[in-house]
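*Asks:* Please read through the structure below; I'll follow up with questions.
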Amino acid sequence: MMHNSLKFNSLINLKLTQESGQTSQSPWYYEDSLKSESRIHNYSDVILLNKLGNLPVLIKLSQYENDFNSFDLSYDFLPNFDLSDTCFSFKEINNEIKNQIINIFNLDFDLNSFYKFLSEDEKLAPSVEFCNGLRLFIAKNKFECIISSICSANNSIARWTKSISKIRETWGKEYIFSKENEINNIFYGFPKVNDFQNFYIDSNEEYENHDKKHKIDNYKRNLKSCGVGYRAEYMKKSSQLLLNKIDIEEVGNMEYSEAFKTISELPGVGPKVADCILLYGYGFMEAFPSDVWIKRIISSLYFGGNEISAKKTREFGIDYFGDYAGYAQLYLFHFARKSGLMDKLKK
DNA sequence: ACCCAGGGTTGGC
DNA sequence: GCCAACCCTGGG
């Protein structure tokens with residue numbers, strides 16, 4: 001039972017933010033409910049309070065269908081948790097949860113100033129209405145974001161989201177909360193960098209063991225069983241680098257250009273994926289992930305329909321939008337999807 | 001069975 | 001710097 005609660009007063013459309021297909025993480029568990037004939041959207045997931053000994057907390061966010069100016073949060077601990085066994089206070093826990101939620105949903109970002117900026121550009125102005133309340137959905141786990149972004153390359157949103165969920169369910173730590181009032185009470189974390197070192201990537205590796213039992217065990221450790229295909233090798237090699245060479249946290253302290261160079265060293269990480277990791281994983285607002293769609297949109301809006309390269313698209317975005325580059329990318333992508341502009345550009 | 005596309009990356013010239 | 005080849009899976 002969720003008895004602890006917090007309230008947030010910020011402009012945000014939770015549903016839109018959760019469902020906008022951002023690459024940082026799979027959407028949280030969704031269910032809707034009714035309260036005096038008003039519909040409520042509820043999203044839940046587990047977050048780890050890393051400043052409080054990685055204490056796992058089940059978070060549930062609730063927002064009325066038509067209220068984009070506030071949402072409620074309630075949370076719960078694992079059944080065997082006893083606060084008096086720890087040295088933490090409720091106040092500390094509340095603060096830490098609040099900080100993480102502010103970070104994940106980028107609540108410190110001034111949306112209204114951004115909307116003013118968009119409105120002053122007639123090409124961007126229409127996106128405000130389509131995307132009202134859309135915010136960045138920043139990863140709560142940077143490593144997950146890196147793997148998830150590698151998985152997204154040359155893949156479809158539906159497929160890579162499914163793969164990531166499967167990775168979590170297969171190797172992630174399981175958290176089982178009490179079932180009272182909650183439809184879903186089982187959640188999974190994301191496997192650690194260390195876990196990835198033991199994964200197989202090649203199906204031939206399974207047959208090195210003649211024992212049938214081992215074969216099954218090995219299959220369970222084969223990344224490809226999660227449908228990631230050839231990206232398995234990238235994931236494994238990248239996690240080796242993240243263990244031995246590149247410090248995940250350190251990248252966050254770098255200047256954007258240095259961070260871009262560093263994260264690009266990972267196999268399977270090209271310019272587009274690097275920018276996704278930096279934007280959705282680290283919150284580098286000046287990153288401008290340039291994929292085929294953004295390329296087409298920018299070409300159409302700012303280059304008279306003459307298709308420019310992805311590299312040039314990125315340079316244009318960084319240059320033209322500055323610190324709003326990441327948000328501009330998010331809004332343009334979503335606007336193009338929703339408005340039918342994408343279908344038009346495809347032809 | 002075949003063909004194609006998916007919010008790209010890699011390695012070749 | 002450009003372009004083809006390419007790695008897989010799921011849907012038509």
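If you're wondering about the labels, chains in the structure tokens are A, B, ... by order shown, residues count from 1 in each chain, ligands from 1 in order shown.
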Could you please select, counting only C-alpha atoms (C1' of nucleotides), the residues of chain A within 7 Å of chain C and state them as a ChimeraX atom specification?

*Replies:* /A:227,229-230

*Asks:* Could you list the residues in chain B lying within 9 Å of chain A, using only C-alpha atoms (C1' of nucleotides), and format the result as a PyMOL selection string?

*Replies:* chain B and resi 5-10

*Asks:* Can you check which parts of segment 37-89 of chain A lie within 10 Å of segment 169-180 of chain A? Per residue, the shortest pair of atoms and distance in Å to one decimal, counting only C-alpha atoms, sorted by chain and number, as CSV.

*Replies:*
```
residue,atom,partner,partner_atom,distance
A:Val46,CA,A:Tyr175,CA,8.0
A:Pro56,CA,A:Tyr175,CA,8.2
A:Val57,CA,A:Phe177,CA,9.4
A:Leu58,CA,A:Phe177,CA,7.7
A:Asp76,CA,A:Phe177,CA,8.0
A:Phe77,CA,A:Phe177,CA,7.3
A:Leu78,CA,A:Phe177,CA,5.3
A:Pro79,CA,A:Phe177,CA,6.0
A:Asn80,CA,A:Phe177,CA,9.3
```

*Asks:* Any chance you can output those residues with C-alpha atoms as a PDB file, in the first residue's frame?

*Replies:*
```pdb
ATOM      1  CA  VAL A  46      11.458   1.271  -9.149  1.00  0.00           C
ATOM      2  CA  PRO A  56      14.883   0.544  -3.806  1.00  0.00           C
ATOM      3  CA  VAL A  57      11.626   2.456  -3.815  1.00  0.00           C
ATOM      4  CA  LEU A  58       8.506   1.765  -5.843  1.00  0.00           C
ATOM      5  CA  ASP A  76       6.437   2.249  -1.145  1.00  0.00           C
ATOM      6  CA  PHE A  77       9.299   0.172   0.210  1.00  0.00           C
ATOM      7  CA  LEU A  78       9.967  -3.530  -0.129  1.00  0.00           C
ATOM      8  CA  PRO A  79       7.836  -5.623   2.251  1.00  0.00           C
ATOM      9  CA  ASN A  80      10.724  -6.510   4.548  1.00  0.00           C
TER      10      ASN A  80
END
```

*Asks:* Residues of segment 83-300 of chain A in alpha helix (DSSP H) according to DSSP, as a PDB file with C-alpha atoms, in the first residue's frame?

*Replies:*
```pdb
ATOM      1  CA  PHE A  90      11.688  10.172   6.065  1.00  0.00           C
ATOM      2  CA  LYS A  91      12.812  13.667   5.279  1.00  0.00           C
ATOM      3  CA  GLU A  92      16.014  12.437   3.651  1.00  0.00           C
ATOM      4  CA  ILE A  93      14.108   9.845   1.670  1.00  0.00           C
ATOM      5  CA  ASN A  94      11.525  12.361   0.486  1.00  0.00           C
ATOM      6  CA  ASN A  95      14.255  14.746  -0.570  1.00  0.00           C
ATOM      7  CA  GLU A  96      16.153  12.131  -2.471  1.00  0.00           C
ATOM      8  CA  ILE A  97      13.055  10.924  -4.301  1.00  0.00           C
ATOM      9  CA  LYS A  98      12.153  14.485  -5.155  1.00  0.00           C
ATOM     10  CA  ASN A  99      15.635  15.171  -6.528  1.00  0.00           C
ATOM     11  CA  GLN A 100      15.584  12.096  -8.692  1.00  0.00           C
ATOM     12  CA  ILE A 101      12.137  12.824 -10.107  1.00  0.00           C
ATOM     13  CA  ILE A 102      13.152  16.402 -10.878  1.00  0.00           C
ATOM     14  CA  ASN A 103      16.180  15.013 -12.674  1.00  0.00           C
ATOM     15  CA  ILE A 104      14.398  12.233 -14.571  1.00  0.00           C
ATOM     16  CA  LEU A 111       9.396  25.199 -20.613  1.00  0.00           C
ATOM     17  CA  ASN A 112       7.687  28.557 -20.952  1.00  0.00           C
ATOM     18  CA  SER A 113      10.896  30.326 -21.937  1.00  0.00           C
ATOM     19  CA  PHE A 114      11.482  27.575 -24.463  1.00  0.00           C
ATOM     20  CA  TYR A 115       7.970  28.070 -25.842  1.00  0.00           C
ATOM     21  CA  LYS A 116       8.677  31.758 -26.216  1.00  0.00           C
ATOM     22  CA  PHE A 117      11.770  30.847 -28.216  1.00  0.00           C
ATOM     23  CA  LEU A 118       9.778  28.446 -30.411  1.00  0.00           C
ATOM     24  CA  SER A 119       7.001  30.954 -31.000  1.00  0.00           C
ATOM     25  CA  ALA A 125       5.807  27.671 -33.587  1.00  0.00           C
ATOM     26  CA  PRO A 126       3.345  24.919 -34.631  1.00  0.00           C
ATOM     27  CA  SER A 127       5.213  22.370 -32.502  1.00  0.00           C
ATOM     28  CA  VAL A 128       4.298  24.153 -29.261  1.00  0.00           C
ATOM     29  CA  GLU A 129       0.656  23.194 -29.516  1.00  0.00           C
ATOM     30  CA  PHE A 130       1.413  19.592 -30.478  1.00  0.00           C
ATOM     31  CA  LYS A 142      23.177   5.752 -17.479  1.00  0.00           C
ATOM     32  CA  PHE A 143      24.428   2.280 -18.335  1.00  0.00           C
ATOM     33  CA  GLU A 144      20.930   1.212 -19.304  1.00  0.00           C
ATOM     34  CA  CYS A 145      20.692   4.270 -21.508  1.00  0.00           C
ATOM     35  CA  ILE A 146      23.949   3.389 -23.277  1.00  0.00           C
ATOM     36  CA  ILE A 147      22.863  -0.197 -23.949  1.00  0.00           C
ATOM     37  CA  SER A 148      19.378   0.913 -24.911  1.00  0.00           C
ATOM     38  CA  SER A 149      20.740   3.503 -27.329  1.00  0.00           C
ATOM     39  CA  ILE A 150      23.087   0.985 -28.944  1.00  0.00           C
ATOM     40  CA  CYS A 151      20.076  -1.265 -29.305  1.00  0.00           C
ATOM     41  CA  SER A 152      18.130   1.495 -31.046  1.00  0.00           C
ATOM     42  CA  ILE A 157      11.104   1.751 -31.486  1.00  0.00           C
ATOM     43  CA  ALA A 158       8.786  -1.167 -30.719  1.00  0.00           C
ATOM     44  CA  ARG A 159      11.468  -3.775 -31.213  1.00  0.00           C
ATOM     45  CA  TRP A 160      14.258  -2.211 -29.197  1.00  0.00           C
ATOM     46  CA  THR A 161      11.891  -1.359 -26.333  1.00  0.00           C
ATOM     47  CA  LYS A 162      10.896  -5.007 -26.223  1.00  0.00           C
ATOM     48  CA  SER A 163      14.527  -6.154 -26.237  1.00  0.00           C
ATOM     49  CA  ILE A 164      15.434  -3.891 -23.341  1.00  0.00           C
ATOM     50  CA  SER A 165      12.457  -5.106 -21.310  1.00  0.00           C
ATOM     51  CA  LYS A 166      13.539  -8.656 -21.976  1.00  0.00           C
ATOM     52  CA  ILE A 167      17.100  -7.926 -20.854  1.00  0.00           C
ATOM     53  CA  ARG A 168      15.738  -6.464 -17.641  1.00  0.00           C
ATOM     54  CA  GLU A 169      13.417  -9.382 -17.009  1.00  0.00           C
ATOM     55  CA  THR A 170      16.098 -11.971 -17.792  1.00  0.00           C
ATOM     56  CA  TRP A 171      19.076 -10.571 -15.888  1.00  0.00           C
ATOM     57  CA  VAL A 193      28.269  -3.570 -16.292  1.00  0.00           C
ATOM     58  CA  ASN A 194      29.810  -6.618 -14.604  1.00  0.00           C
ATOM     59  CA  ASP A 195      26.905  -8.861 -15.571  1.00  0.00           C
ATOM     60  CA  PHE A 196      27.463  -8.084 -19.239  1.00  0.00           C
ATOM     61  CA  GLN A 197      31.010  -9.469 -19.112  1.00  0.00           C
ATOM     62  CA  LYS A 212      22.931 -30.335 -22.725  1.00  0.00           C
ATOM     63  CA  LYS A 213      22.319 -28.741 -19.369  1.00  0.00           C
ATOM     64  CA  HIS A 214      25.116 -26.290 -19.960  1.00  0.00           C
ATOM     65  CA  LYS A 215      23.729 -25.520 -23.347  1.00  0.00           C
ATOM     66  CA  ILE A 216      20.503 -24.361 -21.767  1.00  0.00           C
ATOM     67  CA  ASP A 217      22.333 -22.318 -19.168  1.00  0.00           C
ATOM     68  CA  ASN A 218      24.429 -20.734 -21.865  1.00  0.00           C
ATOM     69  CA  TYR A 219      21.399 -19.884 -23.905  1.00  0.00           C
ATOM     70  CA  LYS A 220      20.092 -18.058 -20.891  1.00  0.00           C
ATOM     71  CA  ARG A 231      24.130  -5.448 -31.674  1.00  0.00           C
ATOM     72  CA  ALA A 232      24.947  -8.021 -28.992  1.00  0.00           C
ATOM     73  CA  GLU A 233      28.612  -7.788 -29.870  1.00  0.00           C
ATOM     74  CA  TYR A 234      28.569  -4.000 -29.614  1.00  0.00           C
ATOM     75  CA  MET A 235      26.885  -4.228 -26.234  1.00  0.00           C
ATOM     76  CA  LYS A 236      29.400  -6.669 -24.850  1.00  0.00           C
ATOM     77  CA  LYS A 237      32.443  -4.835 -26.200  1.00  0.00           C
ATOM     78  CA  SER A 238      31.101  -1.525 -24.974  1.00  0.00           C
ATOM     79  CA  SER A 239      30.523  -2.873 -21.491  1.00  0.00           C
ATOM     80  CA  GLN A 240      34.109  -4.154 -21.469  1.00  0.00           C
ATOM     81  CA  LEU A 241      35.314  -0.645 -22.248  1.00  0.00           C
ATOM     82  CA  LEU A 242      33.016   0.767 -19.579  1.00  0.00           C
ATOM     83  CA  LEU A 243      34.569  -1.594 -17.077  1.00  0.00           C
ATOM     84  CA  ASN A 244      38.212  -0.991 -17.972  1.00  0.00           C
ATOM     85  CA  ILE A 248      30.521   6.290 -16.936  1.00  0.00           C
ATOM     86  CA  GLU A 249      30.142   8.972 -14.298  1.00  0.00           C
ATOM     87  CA  GLU A 250      33.225  10.882 -15.401  1.00  0.00           C
ATOM     88  CA  VAL A 251      31.710  11.542 -18.845  1.00  0.00           C
ATOM     89  CA  TYR A 256      29.930  18.374 -24.339  1.00  0.00           C
ATOM     90  CA  SER A 257      32.436  18.046 -27.186  1.00  0.00           C
ATOM     91  CA  GLU A 258      34.817  15.964 -25.090  1.00  0.00           C
ATOM     92  CA  ALA A 259      31.968  13.807 -23.815  1.00  0.00           C
ATOM     93  CA  PHE A 260      30.857  13.282 -27.412  1.00  0.00           C
ATOM     94  CA  LYS A 261      34.338  12.151 -28.410  1.00  0.00           C
ATOM     95  CA  THR A 262      34.666   9.854 -25.399  1.00  0.00           C
ATOM     96  CA  ILE A 263      31.307   8.155 -25.699  1.00  0.00           C
ATOM     97  CA  PRO A 271      27.208  10.225 -33.939  1.00  0.00           C
ATOM     98  CA  LYS A 272      23.451   9.755 -33.624  1.00  0.00           C
ATOM     99  CA  VAL A 273      23.596   7.233 -30.799  1.00  0.00           C
ATOM    100  CA  ALA A 274      26.286   9.270 -29.026  1.00  0.00           C
ATOM    101  CA  ASP A 275      24.018  12.306 -29.005  1.00  0.00           C
ATOM    102  CA  CYS A 276      21.099  10.244 -27.739  1.00  0.00           C
ATOM    103  CA  VAL A 292      16.946  10.225 -40.893  1.00  0.00           C
ATOM    104  CA  TRP A 293      13.799  11.951 -39.693  1.00  0.00           C
ATOM    105  CA  ILE A 294      15.466  14.969 -38.156  1.00  0.00           C
ATOM    106  CA  LYS A 295      17.569  15.183 -41.293  1.00  0.00           C
ATOM    107  CA  ARG A 296      14.449  15.283 -43.462  1.00  0.00           C
ATOM    108  CA  ILE A 297      12.689  17.741 -41.184  1.00  0.00           C
ATOM    109  CA  ILE A 298      15.625  20.156 -41.017  1.00  0.00           C
ATOM    110  CA  SER A 299      16.208  19.820 -44.759  1.00  0.00           C
ATOM    111  CA  SER A 300      12.577  20.606 -45.392  1.00  0.00           C
TER     112      SER A 300
END
```

*Asks:* In Å, how far is it from atom CA of Ser10 of chain A to atom CA of Ser70 of chain A?

*Replies:*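 Interatomic distance here is 5.5 Å.
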